Every structure is written in structure tokens, then in C-alpha cells.
file work20.tsv (TSV, C-alpha atoms)
chain	number	residue	atom	x	y	z
A	1	MET	CA	8.55	-2.47	33.61
A	2	ASN	CA	11.42	-1.82	31.24
A	3	LYS	CA	14.90	-1.98	32.70
A	4	PHE	CA	17.82	-0.32	30.89
A	5	ILE	CA	21.46	-0.71	31.90
A	6	PHE	CA	24.40	1.05	30.26
A	7	ARG	CA	27.96	-0.27	30.20
A	8	THR	CA	31.10	1.20	28.65
A	9	SER	CA	33.73	-1.07	27.09
A	10	VAL	CA	37.08	-0.01	25.66
A	11	LEU	CA	37.66	-1.26	22.11
A	12	ALA	CA	41.35	-2.03	22.44
A	13	ALA	CA	41.75	-4.18	19.34
A	14	ALA	CA	40.09	-2.01	16.73
A	15	THR	CA	38.52	1.39	16.31
A	16	LEU	CA	35.21	1.04	14.54
A	17	ALA	CA	34.19	4.60	13.93
A	18	ALA	CA	35.67	8.04	13.83
A	19	PHE	CA	34.19	11.48	13.69
A	20	SER	CA	35.75	14.74	12.64
A	21	LEU	CA	34.79	18.31	13.44
A	22	THR	CA	35.80	20.97	10.95
A	23	SER	CA	35.01	24.67	10.86
A	24	CYS	CA	33.70	26.18	7.67
A	25	SER	CA	36.42	28.84	7.80
A	26	ASP	CA	39.82	29.08	9.49
A	27	SER	CA	40.10	32.85	9.25
A	28	ASN	CA	39.87	35.23	12.19
A	29	ASP	CA	39.57	32.93	15.20
A	30	ASP	CA	38.76	35.85	17.49
A	31	MET	CA	35.72	36.72	15.46
A	32	MET	CA	34.53	33.11	15.78
A	33	MET	CA	34.36	33.53	19.52
A	34	ASP	CA	31.90	36.42	19.26
A	35	MET	CA	29.37	35.14	16.79
A	36	ALA	CA	27.52	32.05	15.68
A	37	PHE	CA	29.58	29.67	13.59
A	38	GLN	CA	29.09	26.66	11.38
A	39	ARG	CA	30.82	23.33	11.77
A	40	THR	CA	30.85	20.13	9.77
A	41	ILE	CA	30.84	16.78	11.54
A	42	SER	CA	31.69	13.53	9.75
A	43	PHE	CA	31.27	9.94	10.87
A	44	GLU	CA	33.51	7.45	9.10
A	45	ASN	CA	33.35	3.69	9.41
A	46	VAL	CA	37.05	2.81	9.52
A	47	VAL	CA	36.81	-0.87	10.38
A	48	THR	CA	38.70	-3.43	8.26
A	49	PRO	CA	36.36	-6.33	7.46
A	50	LYS	CA	37.50	-9.78	8.57
A	51	ASP	CA	35.89	-13.17	8.13
A	52	PHE	CA	34.96	-13.67	11.78
A	53	VAL	CA	33.62	-11.32	14.41
A	54	GLU	CA	34.52	-13.55	17.35
A	55	SER	CA	36.35	-16.86	17.79
A	56	GLY	CA	37.82	-19.10	20.46
A	57	SER	CA	38.43	-22.65	21.64
A	58	PHE	CA	37.03	-25.20	24.08
A	59	GLN	CA	38.38	-28.30	25.82
A	60	GLY	CA	37.71	-30.77	28.58
A	61	THR	CA	38.87	-30.38	32.17
A	62	GLY	CA	41.00	-33.52	32.46
A	63	THR	CA	44.49	-34.54	31.37
A	64	PRO	CA	44.55	-34.74	28.41
A	65	PRO	CA	41.76	-32.15	28.03
A	66	ILE	CA	39.43	-34.33	25.96
A	67	ILE	CA	35.65	-34.40	26.33
A	68	LEU	CA	34.59	-37.90	27.36
A	69	PRO	CA	31.13	-39.47	26.95
A	70	GLY	CA	28.76	-37.84	29.42
A	71	GLN	CA	30.84	-34.66	29.72
A	72	SER	CA	29.93	-31.18	28.47
A	73	VAL	CA	31.68	-27.93	27.59
A	74	SER	CA	30.17	-24.48	26.99
A	75	VAL	CA	31.22	-21.40	25.04
A	76	LYS	CA	29.75	-17.89	25.31
A	77	PHE	CA	29.63	-15.46	22.40
A	78	SER	CA	27.74	-12.51	20.99
A	79	ALA	CA	26.26	-12.44	17.50
A	80	GLY	CA	24.12	-10.26	15.32
A	81	LYS	CA	21.24	-11.24	13.09
A	82	ALA	CA	22.25	-13.26	10.00
A	83	GLN	CA	25.60	-14.27	11.51
A	84	ALA	CA	26.36	-17.98	11.98
A	85	LEU	CA	28.40	-20.13	14.36
A	86	MET	CA	30.88	-22.77	13.15
A	87	PHE	CA	32.81	-25.21	15.35
A	88	ALA	CA	35.08	-28.21	14.86
A	89	THR	CA	36.40	-31.01	17.10
A	90	MET	CA	37.97	-34.41	16.35
A	91	TYR	CA	35.97	-37.63	16.48
A	92	GLY	CA	38.66	-39.20	18.66
A	93	ALA	CA	38.06	-42.87	17.77
A	94	SER	CA	38.99	-42.39	14.12
A	95	LYS	CA	41.89	-41.77	11.79
A	96	ASP	CA	40.66	-38.44	10.41
A	97	TRP	CA	37.02	-37.76	11.21
A	98	PHE	CA	35.76	-34.57	12.80
A	99	PHE	CA	32.53	-33.01	13.99
A	100	ALA	CA	31.47	-29.65	12.62
A	101	SER	CA	28.28	-27.84	11.79
A	102	GLN	CA	26.61	-27.96	8.44
A	103	GLN	CA	27.78	-25.08	6.23
A	104	PRO	CA	27.80	-22.13	6.67
A	105	GLY	CA	27.24	-22.74	10.37
A	106	ILE	CA	24.58	-22.94	13.06
A	107	LYS	CA	21.77	-20.46	12.47
A	108	LEU	CA	21.35	-18.16	15.49
A	109	PHE	CA	18.26	-16.04	14.70
A	110	ASP	CA	14.97	-16.90	13.00
A	111	ALA	CA	13.34	-14.98	10.16
A	112	ASN	CA	11.66	-12.62	12.64
A	113	GLY	CA	14.97	-11.72	14.29
A	114	ASN	CA	14.37	-13.80	17.42
A	115	ALA	CA	17.26	-15.69	19.00
A	116	ILE	CA	17.09	-19.45	18.37
A	117	THR	CA	17.36	-21.46	21.58
A	118	GLY	CA	17.10	-25.07	22.69
A	119	ASP	CA	18.31	-28.25	21.02
A	120	VAL	CA	20.10	-27.52	17.73
A	121	SER	CA	21.78	-30.92	17.44
A	122	SER	CA	20.32	-31.34	13.96
A	123	SER	CA	22.97	-28.87	12.78
A	124	VAL	CA	25.93	-31.10	13.66
A	125	ARG	CA	27.58	-33.27	11.00
A	126	LEU	CA	30.35	-35.88	11.07
A	127	TRP	CA	32.95	-35.36	8.34
A	128	ASP	CA	35.67	-37.57	6.85
A	129	ASN	CA	38.72	-35.37	6.21
A	130	GLY	CA	39.91	-37.64	3.37
A	131	SER	CA	43.56	-37.45	4.45
A	132	LYS	CA	43.87	-40.99	5.86
A	133	ASP	CA	42.40	-44.37	5.03
A	134	ASP	CA	39.70	-45.14	7.60
A	135	THR	CA	41.01	-48.67	8.20
A	136	THR	CA	44.76	-48.69	7.63
A	137	GLY	CA	45.57	-45.07	8.44
A	138	GLN	CA	47.63	-44.77	5.26
A	139	VAL	CA	47.93	-41.29	3.83
A	140	GLU	CA	45.47	-40.51	1.05
A	141	SER	CA	44.16	-37.42	-0.69
A	142	LYS	CA	40.39	-37.41	-1.04
A	143	PRO	CA	37.83	-34.62	-0.74
A	144	ILE	CA	36.14	-33.92	2.59
A	145	MET	CA	32.89	-35.84	2.66
A	146	GLN	CA	30.11	-36.27	5.19
A	147	VAL	CA	30.17	-39.67	6.95
A	148	SER	CA	26.91	-41.08	5.68
A	149	ASN	CA	26.38	-44.12	7.90
A	150	VAL	CA	26.67	-42.39	11.30
A	151	ASN	CA	24.05	-40.07	12.82
A	152	ALA	CA	26.15	-37.30	14.34
A	153	SER	CA	23.28	-35.87	16.38
A	154	GLN	CA	23.12	-39.14	18.36
A	155	LEU	CA	26.75	-38.71	19.41
A	156	MET	CA	26.77	-35.01	20.15
A	157	LYS	CA	24.06	-32.80	21.65
A	158	LEU	CA	24.11	-29.08	20.96
A	159	ASN	CA	22.05	-26.69	23.08
A	160	LEU	CA	21.75	-22.93	22.56
A	161	ALA	CA	20.73	-20.52	25.32
A	162	TYR	CA	20.35	-16.76	24.99
A	163	ASN	CA	20.57	-14.04	27.63
A	164	ASP	CA	18.53	-11.07	26.42
A	165	VAL	CA	20.03	-8.83	29.11
A	166	THR	CA	23.66	-9.34	28.06
A	167	SER	CA	22.83	-10.22	24.41
A	168	GLU	CA	24.99	-13.35	24.78
A	169	PHE	CA	24.54	-16.87	23.48
A	170	THR	CA	25.80	-19.97	25.28
A	171	LEU	CA	26.44	-23.11	23.25
A	172	THR	CA	26.69	-26.28	25.32
A	173	ILE	CA	28.29	-29.29	23.63
A	174	THR	CA	27.60	-32.64	25.30
A	175	ASN	CA	29.22	-35.95	24.39
A	176	THR	CA	26.28	-38.37	24.15
A	177	SER	CA	28.16	-41.14	22.35
A	178	GLY	CA	28.43	-43.37	25.43
A	179	GLY	CA	26.93	-46.82	24.92
A	180	THR	CA	26.55	-46.39	21.16
A	181	ALA	CA	28.39	-48.26	18.44
A	182	ASN	CA	30.36	-45.07	17.82
A	183	GLU	CA	31.44	-44.19	21.35
A	184	THR	CA	34.25	-41.65	21.18
A	185	PRO	CA	35.95	-38.82	23.03
A	186	PHE	CA	35.99	-35.33	21.51
A	187	SER	CA	39.25	-33.43	21.18
A	188	PRO	CA	39.72	-29.78	22.12
A	189	GLY	CA	37.87	-27.74	19.53
A	190	VAL	CA	37.51	-24.33	17.93
A	191	TRP	CA	34.58	-22.05	17.18
A	192	ALA	CA	33.95	-18.83	15.27
A	193	VAL	CA	31.08	-16.46	14.48
A	194	SER	CA	31.05	-15.51	10.80
A	195	ASN	CA	30.85	-11.84	9.86
A	196	TYR	CA	27.93	-10.52	7.80
A	197	ASN	CA	28.34	-7.46	5.55
A	198	GLY	CA	24.67	-6.62	5.21
A	199	SER	CA	23.97	-8.87	2.26
A	200	GLN	CA	26.01	-12.04	2.81
A	201	LEU	CA	28.46	-13.80	5.11
A	202	LEU	CA	32.06	-12.84	4.42
A	203	ASN	CA	33.01	-16.52	4.51
A	204	SER	CA	30.27	-19.01	3.60
A	205	THR	CA	32.57	-22.03	4.05
A	206	PRO	CA	34.42	-21.37	7.31
A	207	PHE	CA	37.14	-23.86	8.38
A	208	PHE	CA	36.75	-26.15	5.34
A	209	THR	CA	34.96	-26.68	2.03
A	210	PRO	CA	32.89	-29.87	1.61
A	211	ASN	CA	33.70	-31.97	-1.47
A	212	ALA	CA	37.12	-30.31	-1.77
A	213	LEU	CA	40.55	-31.30	-0.48
A	214	SER	CA	41.25	-30.42	3.13
A	215	ASN	CA	43.58	-27.75	4.48
A	216	PRO	CA	46.39	-28.04	7.07
A	217	GLU	CA	44.33	-26.43	9.85
A	218	ILE	CA	41.35	-28.78	9.75
A	219	THR	CA	43.64	-31.76	8.98
A	220	ASP	CA	45.48	-31.28	12.28
A	221	ILE	CA	42.16	-31.30	14.12
A	222	ALA	CA	40.80	-34.32	12.24
A	223	GLN	CA	43.96	-36.43	12.61
A	224	MET	CA	45.39	-35.37	15.98
A	225	GLY	CA	42.88	-33.11	17.72
A	226	ASN	CA	45.48	-30.33	17.48
A	227	ILE	CA	43.87	-26.89	17.22
A	228	SER	CA	47.03	-24.75	17.17
A	229	LYS	CA	47.13	-24.04	13.44
A	230	MET	CA	43.40	-23.33	13.27
A	231	MET	CA	43.55	-20.95	16.25
A	232	ALA	CA	46.42	-19.04	14.63
A	233	LYS	CA	44.38	-18.69	11.45
A	234	LEU	CA	41.27	-17.64	13.35
A	235	ASN	CA	43.16	-15.04	15.38
A	236	ALA	CA	44.41	-13.47	12.16
A	237	SER	CA	40.93	-13.54	10.61
A	238	THR	CA	38.86	-12.27	13.55
A	239	GLY	CA	37.85	-8.68	14.13
A	240	ILE	CA	34.79	-6.62	14.90
A	241	MET	CA	32.89	-5.47	11.82
A	242	THR	CA	29.72	-3.45	11.59
A	243	GLY	CA	27.76	-0.95	9.65
A	244	LEU	CA	26.71	2.31	11.29
A	245	SER	CA	23.26	3.82	11.22
A	246	PRO	CA	22.63	7.45	10.30
A	247	ALA	CA	24.13	9.49	13.13
A	248	LEU	CA	22.07	11.82	15.32
A	249	VAL	CA	23.85	15.01	16.45
A	250	VAL	CA	22.44	17.37	19.08
A	251	VAL	CA	23.69	20.87	19.93
A	252	TYR	CA	22.95	21.80	23.55
A	253	ARG	CA	23.87	23.89	26.57
A	254	GLY	CA	24.53	22.56	30.08
A	255	ASP	CA	26.42	19.77	31.81
A	256	LYS	CA	24.00	16.92	31.08
A	257	ASN	CA	24.24	14.90	27.87
A	258	PRO	CA	20.63	14.98	26.58
A	259	ILE	CA	20.95	11.62	24.80
A	260	TYR	CA	21.81	9.43	27.80
A	261	GLU	CA	23.36	9.35	31.26
A	262	LEU	CA	25.81	6.55	31.94
A	263	GLY	CA	24.62	4.23	34.71
A	264	LYS	CA	21.04	5.51	34.66
A	265	SER	CA	17.85	4.13	33.16
A	266	ASP	CA	17.07	5.11	29.61
A	267	SER	CA	14.65	8.01	29.39
A	268	GLY	CA	12.45	6.32	26.79
A	269	MET	CA	12.83	9.22	24.36
A	270	GLY	CA	14.00	7.03	21.48
A	271	LEU	CA	17.55	5.88	22.13
A	272	LYS	CA	16.28	2.30	22.07
A	273	ASP	CA	15.12	2.82	18.48
A	274	ILE	CA	18.68	3.79	17.50
A	275	ALA	CA	20.33	0.96	19.48
A	276	GLN	CA	17.99	-1.72	18.18
A	277	PHE	CA	16.92	-0.54	14.73
A	278	GLY	CA	19.13	2.42	13.73
A	279	ASN	CA	16.02	4.64	13.59
A	280	VAL	CA	16.75	8.22	14.72
A	281	THR	CA	13.26	9.71	14.21
A	282	LYS	CA	11.80	9.29	17.70
A	283	LEU	CA	14.87	10.57	19.53
A	284	GLN	CA	15.24	13.42	17.06
A	285	ASN	CA	11.69	14.62	17.78
A	286	SER	CA	11.99	14.08	21.54
A	287	LEU	CA	15.21	16.06	21.87
A	288	LYS	CA	13.74	19.09	20.11
A	289	SER	CA	11.34	19.61	23.02
A	290	LEU	CA	14.00	19.60	25.76
A	291	SER	CA	15.20	22.78	27.40
A	292	GLY	CA	18.86	23.35	26.70
A	293	VAL	CA	18.69	21.63	23.32
A	294	LYS	CA	19.30	24.17	20.56
A	295	ALA	CA	19.11	21.97	17.45
A	296	VAL	CA	19.16	18.36	16.28
A	297	TYR	CA	20.80	17.14	13.07
A	298	VAL	CA	21.11	13.80	11.27
A	299	ALA	CA	24.14	12.72	9.24
A	300	GLY	CA	23.28	10.27	6.47
A	301	ASN	CA	20.07	8.51	5.50
A	302	ALA	CA	21.29	4.93	5.00
A	303	PRO	CA	23.59	2.42	6.73
A	304	VAL	CA	27.26	3.38	6.64
A	305	ALA	CA	29.35	0.45	5.42
A	306	PRO	CA	33.06	0.00	6.21
A	307	GLY	CA	35.11	2.51	4.25
A	308	ASN	CA	32.25	5.01	3.92
A	309	LYS	CA	31.32	8.14	5.85
A	310	VAL	CA	28.41	10.53	6.34
A	311	THR	CA	28.53	14.26	7.07
A	312	THR	CA	26.25	17.02	8.30
A	313	SER	CA	26.72	20.71	9.04
A	314	PHE	CA	25.44	22.35	12.21
A	315	ASN	CA	25.23	25.84	13.66
A	316	ALA	CA	26.48	26.64	17.14
A	317	GLU	CA	27.66	29.48	19.37
A	318	PRO	CA	30.52	29.75	21.85
A	319	GLY	CA	29.64	27.70	24.93
A	320	ASP	CA	27.56	25.14	23.02
A	321	LYS	CA	28.27	21.43	23.21
A	322	ILE	CA	27.44	18.53	20.94
A	323	ALA	CA	26.53	14.89	21.55
A	324	TYR	CA	25.92	12.10	19.07
A	325	ALA	CA	24.63	8.53	18.77
A	326	THR	CA	24.75	5.95	15.99
A	327	MET	CA	23.88	2.26	16.00
A	328	PHE	CA	26.52	-0.47	16.05
A	329	GLY	CA	24.68	-2.07	13.15
A	330	PHE	CA	25.57	-5.75	13.50
A	331	SER	CA	24.19	-6.05	17.01
A	332	ASN	CA	20.87	-6.30	18.74
A	333	ASP	CA	21.15	-3.19	20.92
A	334	TRP	CA	24.62	-1.59	20.83
A	335	PHE	CA	25.38	1.98	19.90
A	336	PHE	CA	28.27	4.44	19.67
A	337	ALA	CA	28.12	7.70	21.61
A	338	ASN	CA	30.54	10.17	23.13
A	339	GLU	CA	31.25	9.61	26.81
A	340	GLN	CA	33.02	12.93	27.44
A	341	SER	CA	31.35	16.22	26.52
A	342	ILE	CA	32.45	17.81	23.23
A	343	ASP	CA	32.92	21.56	22.92
A	344	ALA	CA	31.24	22.71	19.73
A	345	ASN	CA	33.74	25.59	19.58
A	346	ILE	CA	36.62	23.35	18.45
A	347	LYS	CA	38.52	25.27	15.79
A	348	GLY	CA	40.31	24.01	12.72
A	349	SER	CA	40.25	20.34	11.82
A	350	THR	CA	40.07	17.84	14.66
A	351	VAL	CA	39.64	14.09	14.50
A	352	GLN	CA	38.46	12.15	17.52
A	353	LYS	CA	38.07	8.38	17.50
A	354	CYS	CA	35.21	6.60	19.22
A	355	LYS	CA	37.25	4.57	21.67
A	356	PHE	CA	34.26	3.76	23.81
A	357	LEU	CA	31.39	1.52	22.89
A	358	ILE	CA	28.29	2.20	24.93
A	359	LYS	CA	26.39	-1.05	25.21
A	360	LYS	CA	22.75	-0.71	26.07
A	361	GLN	CA	21.35	-3.89	27.58
A	362	LEU	CA	17.59	-4.20	27.48
A	363	LYS	CA	15.27	-6.36	29.53
A	364	PHE	CA	11.54	-6.28	28.98

call {"tool": "encode", "arguments": {"input": "work20.tsv", "output": "C-alpha cells"}}
result
Amino acid sequence: MNKFIFRTSVLAAATLAAFSLTSCSDSNDDMMMDMAFQRTISFENVVTPKDFVESGSFQGTGTPPIILPGQSVSVKFSAGKAQALMFATMYGASKDWFFASQQPGIKLFDANGNAITGDVSSSVRLWDNGSKDDTTGQVESKPIMQVSNVNASQLMKLNLAYNDVTSEFTLTITNTSGGTANETPFSPGVWAVSNYNGSQLLNSTPFFTPNALSNPEITDIAQMGNISKMMAKLNASTGIMTGLSPALVVVYRGDKNPIYELGKSDSGMGLKDIAQFGNVTKLQNSLKSLSGVKAVYVAGNAPVAPGNKVTTSFNAEPGDKIAYATMFGFSNDWFFANEQSIDANIKGSTVQKCKFLIKKQLKF
């Protein structure tokens, strides 16, 4: 049996979408109250694209907070299809070596859109930062190169788990270097999920560029295990980004939002198709048969990229309300919708921002 759970989260850091309601005429407001009127509703994707959609750090539990052989750390994160995960941590028993994924990062979904789980240790690489001589520790300036004579996957195990209810990944990093010729602690580390704009990752070489000179952020990790500079850079480069699907708009009467009810099971009328695929057809047809629903409209016919908007006109009468839904595109099952009812009789030009993200969590 399908189980659907709704949760509302406030987007404090960034507003991802906005809609505006505008009347077709500003003249004679009294007349508008006594007759049918036409409104225009617009949905604008106002997000500012950044390189990473989510980022953070990890460390051991001791003092200092290094990760010793036999110890593990875990990080939780959400990601959409085609996004990738990068991490970095110092190979402690070296002058300037560090562990990181192969570029552009660990793949999280397969070609069929299924979450990748299990052992992904084959993605880890050991890199020489090129900023210090491996023997003497003298300063040098060489390109970042992969350490060719050490098998990184024998020193570090990476395991991915996925919770299909919360749409969250968990990456567990285990230090398996104990007893090997390259036994080493790991320093505190950093991680980030790269943003995808619908055709490519916004940053295909996160953290560093192989075969090029290093940067101050990765150098501090490789030489000292210090993540401060990298975290500052990640914080400035992290923000939610998404496309929006065509938006479904319904005009209705009554106190019940016909699209969904917060805290209740999904009705199965087609909201899942919007949340998972951005397809409004099923819900559009289902809503037309409901009592209280006067009309259903769709704004746009293609994904709405950042900086773009879609618009549709609708007819309504005094006392009518409207509700809407559009997919949070770079997700598995998130969507935008209004939480409070919207009076279709709003006059003039009004802009309301979608400050609430309705997350639909699905379990089959």
C-alpha cells in the first residue's frame, strides 16, 4: 500500500519561486465585485544559481578530531538526479597528500534514475597536492597529480545508503588503512553536492583541478588538514537551485484545497506525477471532475529555468479561490504549493513569494 507523508519546511536562506496575481483591468473596483473577472498569474524562478546545492564538513570524535584506522564518520545529504558528491580529507601521514573523489564527484543515480547504494570505494582517489616535496617537505610548485603507486580504495571505504522515504543519502567513510603499508589518520574533511542546471554540472571540477596548480583552500587541507578556508568558500558557493515544472492552477470554491491536505495521505489524483516527474496531465484531468472545482489551468509547457517565468490567465468570480502546484525540478519528489488559501479576488498587482516548500515523501 502506498504511504504518502507531507512536510512543510521554511526556506530561510533563499526564495526559489515567486508568483504574481494581476487583474486585467484596474478600473472600477466595485464593478469587479459584481461580475466575473480575469486575472493573470505568473510563476517566476528567482533563484540565483550557485555551484553547490548542499555542503558541509565531517570529523572524528576525539581530540584532535581525526579519523583513526578502524573509525568511521557519516554525512547525510539530499541530491537530485545527475548531481554529484565531492569530498576531501588529508592523508595524515604525508606532507601534502589528500583523499578526494574522482572528478566530477561520486555518481549518485544510475542511468535509470535509481539511487546508487552500497560500496562506492572505487570512486576514491589519493592525490598529491604538488605544494611540498614528498620526502623533504620543501616548498615546491607542481600540478596536482594522482598518487599512482597507492590504491586509495584499500585505505578508505565509502558506502552509500539511501532512504527513499526522506529522499536522503548517507555516505559512510571508514578508515581501513590499519595494518597496511600506508596506515594513516584522516583529517577533518569537507563535502559538497554539485548543482546541475539541466544539461551540465555548474562546476565539473569542484575543490581542485587535476593536472593544474593547487589553490589555497585544498592546499590547507592537504598540508595541515585545515578545512577553514574551504568551508568559507563552500558557504559562499552553496545555495538551492532548481528548475520548475509547468505550474497547475485550479480555481475552486470551499475551504478545502483540492490539490492536497497537509498531514494527510495523497489522494492519488496525480500530485505524485507533478512531484516526481513535473507532469500535470493526470492531476489536471482529475481535478476537473471534483465538485467545487470551477476550472483548471496550466502555466507553461516546459521546465522553467532560473531567471525565467511562465504565465497563464484565468477566469474567476468573487468568492473563488485558487491553488497551485509546480515541481521542485532538481529533486525526486518535492513540489511548491500554497499553504494558505489564496483569494482569487485580489485586485491590482500583488506579488507573493513561495516561502514554504511542501515536501512529499513517498514510500512504496

call {"tool": "closest_residue", "arguments": {"input": "work20.tsv", "among": "A:Asn301, A:Asp96, A:Val190, A:Leu171", "to": "Met145 in chain A", "atoms": "only C-alpha atoms"}}
result
A:Asp96

call {"tool": "residues_around", "arguments": {"input": "work20.tsv", "residues": "Lys309 in chain A", "least_positions_apart": "3", "cutoff": "8 Å", "atoms": "only C-alpha atoms", "output": "list of chain:residue names"}}
result
A:Ser42, A:Phe43, A:Glu44, A:Asn45, A:Val304, A:Ala305

call {"tool": "residues_around", "arguments": {"input": "work20.tsv", "residues": "range 322-337 of chain A", "least_positions_apart": "2", "cutoff": "6 Å", "atoms": "only C-alpha atoms", "output": "PDB file with C-alpha atoms, in the coordinates of the input"}}
result
ATOM      1  CA  GLY A  80      24.120 -10.260  15.320  1.00  0.00           C
ATOM      2  CA  THR A 242      29.720  -3.450  11.590  1.00  0.00           C
ATOM      3  CA  GLY A 243      27.760  -0.950   9.650  1.00  0.00           C
ATOM      4  CA  LEU A 244      26.710   2.310  11.290  1.00  0.00           C
ATOM      5  CA  SER A 245      23.260   3.820  11.220  1.00  0.00           C
ATOM      6  CA  ALA A 247      24.130   9.490  13.130  1.00  0.00           C
ATOM      7  CA  LEU A 248      22.070  11.820  15.320  1.00  0.00           C
ATOM      8  CA  VAL A 249      23.850  15.010  16.450  1.00  0.00           C
ATOM      9  CA  VAL A 250      22.440  17.370  19.080  1.00  0.00           C
ATOM     10  CA  VAL A 251      23.690  20.870  19.930  1.00  0.00           C
ATOM     11  CA  ILE A 274      18.680   3.790  17.500  1.00  0.00           C
ATOM     12  CA  ALA A 275      20.330   0.960  19.480  1.00  0.00           C
ATOM     13  CA  GLN A 276      17.990  -1.720  18.180  1.00  0.00           C
ATOM     14  CA  GLY A 278      19.130   2.420  13.730  1.00  0.00           C
ATOM     15  CA  ILE A 342      32.450  17.810  23.230  1.00  0.00           C
ATOM     16  CA  ALA A 344      31.240  22.710  19.730  1.00  0.00           C
ATOM     17  CA  LEU A 357      31.390   1.520  22.890  1.00  0.00           C
ATOM     18  CA  ILE A 358      28.290   2.200  24.930  1.00  0.00           C
ATOM     19  CA  LYS A 359      26.390  -1.050  25.210  1.00  0.00           C
ATOM     20  CA  LYS A 360      22.750  -0.710  26.070  1.00  0.00           C
TER      21      LYS A 360
END

call {"tool": "atom_distance", "arguments": {"input": "work20.tsv", "atom1": "CA of Val73 in chain A", "atom2": "CA of Thr172 in chain A"}}
result
5.7 Å

call {"tool": "atom_distance", "arguments": {"input": "work20.tsv", "atom1": "CA of Ser204 in chain A", "atom2": "CA of Ile218 in chain A"}}
result
16.0 Å

call {"tool": "closest_residue", "arguments": {"input": "work20.tsv", "among": "A:Ala161, A:Ser289, A:Lys294, A:Ser187", "to": "Phe109 in chain A", "atoms": "only C-alpha atoms"}}
result
A:Ala161

call {"tool": "atom_distance", "arguments": {"input": "work20.tsv", "atom1": "CA of Gln83 in chain A", "atom2": "CA of Thr176 in chain A"}}
result
27.2 Å

call {"tool": "closest_residue", "arguments": {"input": "work20.tsv", "among": "A:Phe169, A:Tyr162, A:Phe37, A:Phe52", "to": "Ser237 in chain A", "atoms": "only C-alpha atoms"}}
result
A:Phe52

call {"tool": "residues_around", "arguments": {"input": "work20.tsv", "residues": "Ile227 in chain A", "least_positions_apart": "5", "cutoff": "7 Å", "atoms": "all atoms listed in the file", "output": "PyMOL selection string"}}
result
chain A and resi 189-190+220-221

call {"tool": "closest_residue", "arguments": {"input": "work20.tsv", "among": "A:Val147, A:Glu183, A:Phe87, A:Pro188", "to": "Gly62 in chain A", "atoms": "all atoms listed in the file"}}
result
A:Pro188

call {"tool": "residues_around", "arguments": {"input": "work20.tsv", "residues": "Leu202 in chain A", "least_positions_apart": "6", "cutoff": "12 Å", "atoms": "only C-alpha atoms", "output": "ChimeraX atom specification"}}
result
/A:49-53,82-84,104,193-196,237-238,241

call {"tool": "write_last_selection", "arguments": {"input": "work20.tsv", "atoms": "C-alpha atoms", "output": "PDB file, keeping the file's coordinate frame"}}
result
ATOM      1  CA  PRO A  49      36.360  -6.330   7.460  1.00  0.00           C
ATOM      2  CA  LYS A  50      37.500  -9.780   8.570  1.00  0.00           C
ATOM      3  CA  ASP A  51      35.890 -13.170   8.130  1.00  0.00           C
ATOM      4  CA  PHE A  52      34.960 -13.670  11.780  1.00  0.00           C
ATOM      5  CA  VAL A  53      33.620 -11.320  14.410  1.00  0.00           C
ATOM      6  CA  ALA A  82      22.250 -13.260  10.000  1.00  0.00           C
ATOM      7  CA  GLN A  83      25.600 -14.270  11.510  1.00  0.00           C
ATOM      8  CA  ALA A  84      26.360 -17.980  11.980  1.00  0.00           C
ATOM      9  CA  PRO A 104      27.800 -22.130   6.670  1.00  0.00           C
ATOM     10  CA  VAL A 193      31.080 -16.460  14.480  1.00  0.00           C
ATOM     11  CA  SER A 194      31.050 -15.510  10.800  1.00  0.00           C
ATOM     12  CA  ASN A 195      30.850 -11.840   9.860  1.00  0.00           C
ATOM     13  CA  TYR A 196      27.930 -10.520   7.800  1.00  0.00           C
ATOM     14  CA  SER A 237      40.930 -13.540  10.610  1.00  0.00           C
ATOM     15  CA  THR A 238      38.860 -12.270  13.550  1.00  0.00           C
ATOM     16  CA  MET A 241      32.890  -5.470  11.820  1.00  0.00           C
TER      17      MET A 241
END

call {"tool": "closest_residue", "arguments": {"input": "work20.tsv", "among": "A:Asn151, A:Asn308, A:Ser167, A:Thr205", "to": "Ser122 in chain A", "atoms": "all atoms listed in the file"}}
result
A:Asn151

call {"tool": "closest_residue", "arguments": {"input": "work20.tsv", "among": "A:Pro216, A:Pro246, A:Pro206, A:Pro69", "to": "Gln154 in chain A", "atoms": "all atoms listed in the file"}}
result
A:Pro69

call {"tool": "residues_around", "arguments": {"input": "work20.tsv", "residues": "Gln103 in chain A", "least_positions_apart": "6", "cutoff": "12 Å", "atoms": "all atoms listed in the file", "output": "VMD selection string"}}
result
chain A and resid 84 to 88 123 to 125 127 146 194 201 203 to 211
